[in-house]
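*Asks:* Right, I'll just put the structure down here and ask away after.
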Amino acid sequence: MSLHSDILVVGAGPAGLSFAAELAGSGLKVTLIERSPLTVLQNPPYDGREIALTHFSREIMQRLGMWDKIPKNEIYPLRDAKVLNGRSDYQLHFPQPTEARGEPADCLGYLISNHNIRRAAYEVVSQLDNITILTDTAVKEVKTSDNEAQVFLENGDILTARLLLAADSRFSQTRRQLGISSDMHDYSRTMFVCRMKHTLSNQHTAYECFHYGRTIALLPLEEHLTNTVITVDTDKINSVQNLSPEELAASVKEQLKGRLGDMELVSSIHHYPLVGMIAKRFYGKRSALIGDAAVGMHPVTAHGFNLGLSSADILAKLILEAEQRGQDIGAASLLEKYSNKHMLHAQPLYHGTNMMLKLFTNETVPAKLLRGLVLRASNNFPPLKKLITKQLTG
């Protein structure tokens, strides 16, 4: 079988689906290719990950119709954020802003479970006449030429299009087959995520606790319910995996010095290896990278999906403009413009995050001293603090 589309998207995750939603009513025929079965797209399982969304991301999701498909009681406001270093009680504090993106605001951002975002994105796209989603479908090979892109499926079918997009994770095989190299960084750390109830209010405040040897991030959901993210060196994963639910809760309470009172594990525990990646460029011949296939962030700065959503938004707008003008949507000039624009924001965030992580996970005495100085300088230098807050709100 041979199927021709205007655009082929490898990967129907949140970035790929968001891109497809951007093209609603455009007349462009888009085909998404996804390994997972249809049931997983329709009802994604809980995976422990809570996604921090900026005000800009909320605007995009509202425009695409995704925001209204998420239960209101599962959109959690993030009022402010604090950073702790080692055994010190000193806090770098980012308070609740009065405005974001020129509008009045009562929070830094929003927390939404990853599975809810995925479900909402699928529900929007599944209703669009110009979008086809091929599930349970694996890609064997991709090729591009001056005139078209080709995708060879493992079942023998061949798909063609004017433009091919890779949206198949930071470990993208599509990116590799397109010959686009990447800078991949294995942090040699593992992240454990779960939900915990507690007896004291979290005040809707997020905490990033760079304790020595083990990092804990607290993402407030309900007032007495917090997503707890524990990060350890990968050779020490047994120090978390071997704990009973009661022992884990007690361990977290002790590490937090009772900040949230008594803790109780109330969800399944999920763990993920931490690997960051940024592609050398975000486009190739009749092809482009979006989402994690373009840049996969360490979660500490909470910009992973925000960047992915931004990449889909930037590229979709350029494609729609070109189509309306009767221009080639796969032209190298268009794709280069997308790559440059997205790189302008993604590259500083990616490398800045890695620099911060290198400092705040370094356990040498000079590094520990410098960590404290950096927190105090950031807290007491308003222009820097304002810049970081603007990044947090989008």
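By convention in this document, the chains of the structure tokens carry letters A, B, ... by their order, each chain's residues are numbered from 1, and ligands are numbered from 1 in the order they are shown.
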Show me, as a count of residues only, the residues that have an atom within 7 Å of A:Leu260 when counting only C-alpha atoms, minus same-chain residues fewer than 4 positions from it.
*Replies:* 5
*Asks:* List as a list in words the protein and nucleic acid residues near A:Asp129, meaning an atom at most 12 Å away when only C-alpha atoms are counted, but skip any in the same chain fewer than 3 places from it.
*Replies:* Ala20, Ala21, Leu23, Ala24, Gly25, Ser26, Gly27, Leu28, Lys29, Val30, Thr31, Val124, Val125, Ser126, Thr132 and Ile133 of chain A
*Asks:* In terms of the shortest atom-to-atom distance over only C-alpha atoms, which of A:Ala279, A:Leu221, A:Ile70, A:Val374 is closest to A:Arg176?
*Replies:* A:Ala279
*Asks:* For A:Ala288, work out the shell of residues within 6 Å, counting only C-alpha atoms and skipping chain neighbours fewer than 5 positions away, then give it as a list in words.
*Replies:*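 After dropping sequence-adjacent residues, the list is Leu165, Phe282 and Tyr283 of chain A.
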*Asks:* List as a list in words the protein and nucleic acid residues near stretch 310-325 of chain A, meaning an atom at most 7 Å away when only C-alpha atoms are counted, but skip any in the same chain fewer than 2 places from it.
*Replies:*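 Counting only the stated atoms, we get Ala15, Ser18, Phe19, Glu22, Leu23, Ile290, Gly291, Asn306, Leu307, Gly308, Gln327, Asp328, Ile329, Leu334, Tyr338 and His342 of chain A.
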*Asks:* Write out as a VMD selection string which residues come within 12 Å of stretch 71-79 of chain A when counting only C-alpha atoms, dropping same-chain ones fewer than 6 positions away.
*Replies:* chain A and resid 50 to 55 58 93 to 98 105 to 117 119 to 120 202 to 207 218 to 223 225 to 227 389 392 to 393
*Asks:* Using DSSP on the backbone coordinates, identify all residues within stretch 71-282 of chain A classified as helix (DSSP H, G or I); present the result as JSON, numbers by chain.
*Replies:* {"A": [72, 73, 74, 114, 115, 116, 117, 118, 119, 120, 121, 122, 123, 124, 125, 173, 174, 175, 176, 177, 234, 235, 236, 238, 239, 240, 241, 245, 246, 247, 248, 249, 250, 251, 252, 253, 254, 255]}
*Asks:* Write the residues of the selection above to a file with C-alpha atoms, as a PDB file, in the first residue's frame.
*Replies:*
```pdb
ATOM      1  CA  LYS A  72     -10.647  21.420  36.149  1.00  0.00           C
ATOM      2  CA  ASN A  73      -9.923  19.707  39.465  1.00  0.00           C
ATOM      3  CA  GLU A  74      -6.781  18.151  37.945  1.00  0.00           C
ATOM      4  CA  ASN A 114       1.266  13.803  31.715  1.00  0.00           C
ATOM      5  CA  HIS A 115      -1.444  11.236  30.997  1.00  0.00           C
ATOM      6  CA  ASN A 116      -4.122  13.952  31.115  1.00  0.00           C
ATOM      7  CA  ILE A 117      -2.221  16.073  28.589  1.00  0.00           C
ATOM      8  CA  ARG A 118      -1.789  13.089  26.283  1.00  0.00           C
ATOM      9  CA  ARG A 119      -5.475  12.178  26.509  1.00  0.00           C
ATOM     10  CA  ALA A 120      -6.613  15.760  25.852  1.00  0.00           C
ATOM     11  CA  ALA A 121      -4.322  16.086  22.830  1.00  0.00           C
ATOM     12  CA  TYR A 122      -5.625  12.845  21.337  1.00  0.00           C
ATOM     13  CA  GLU A 123      -9.259  13.830  21.923  1.00  0.00           C
ATOM     14  CA  VAL A 124      -8.733  17.055  19.974  1.00  0.00           C
ATOM     15  CA  VAL A 125      -6.868  15.480  17.062  1.00  0.00           C
ATOM     16  CA  GLN A 173      15.601   6.722  15.356  1.00  0.00           C
ATOM     17  CA  THR A 174      14.052   8.986  12.736  1.00  0.00           C
ATOM     18  CA  ARG A 175      16.515  11.740  13.621  1.00  0.00           C
ATOM     19  CA  ARG A 176      19.408   9.312  13.283  1.00  0.00           C
ATOM     20  CA  GLN A 177      18.210   8.084   9.885  1.00  0.00           C
ATOM     21  CA  THR A 234      22.072   5.298  39.272  1.00  0.00           C
ATOM     22  CA  ASP A 235      24.426   3.050  41.229  1.00  0.00           C
ATOM     23  CA  LYS A 236      22.390   3.902  44.341  1.00  0.00           C
ATOM     24  CA  ASN A 238      18.570   0.230  45.498  1.00  0.00           C
ATOM     25  CA  SER A 239      18.551   2.819  48.295  1.00  0.00           C
ATOM     26  CA  VAL A 240      15.100   3.809  47.009  1.00  0.00           C
ATOM     27  CA  GLN A 241      13.859   0.668  45.255  1.00  0.00           C
ATOM     28  CA  PRO A 245       6.109   2.271  51.125  1.00  0.00           C
ATOM     29  CA  GLU A 246       6.274   3.111  54.830  1.00  0.00           C
ATOM     30  CA  GLU A 247      10.077   3.286  54.817  1.00  0.00           C
ATOM     31  CA  LEU A 248      10.075   5.518  51.733  1.00  0.00           C
ATOM     32  CA  ALA A 249       7.554   7.903  53.290  1.00  0.00           C
ATOM     33  CA  ALA A 250       9.583   8.051  56.515  1.00  0.00           C
ATOM     34  CA  SER A 251      12.777   8.635  54.536  1.00  0.00           C
ATOM     35  CA  VAL A 252      11.248  11.556  52.643  1.00  0.00           C
ATOM     36  CA  LYS A 253       9.841  13.049  55.850  1.00  0.00           C
ATOM     37  CA  GLU A 254      13.277  12.880  57.471  1.00  0.00           C
ATOM     38  CA  GLN A 255      15.036  14.412  54.476  1.00  0.00           C
TER      39      GLN A 255
END
```
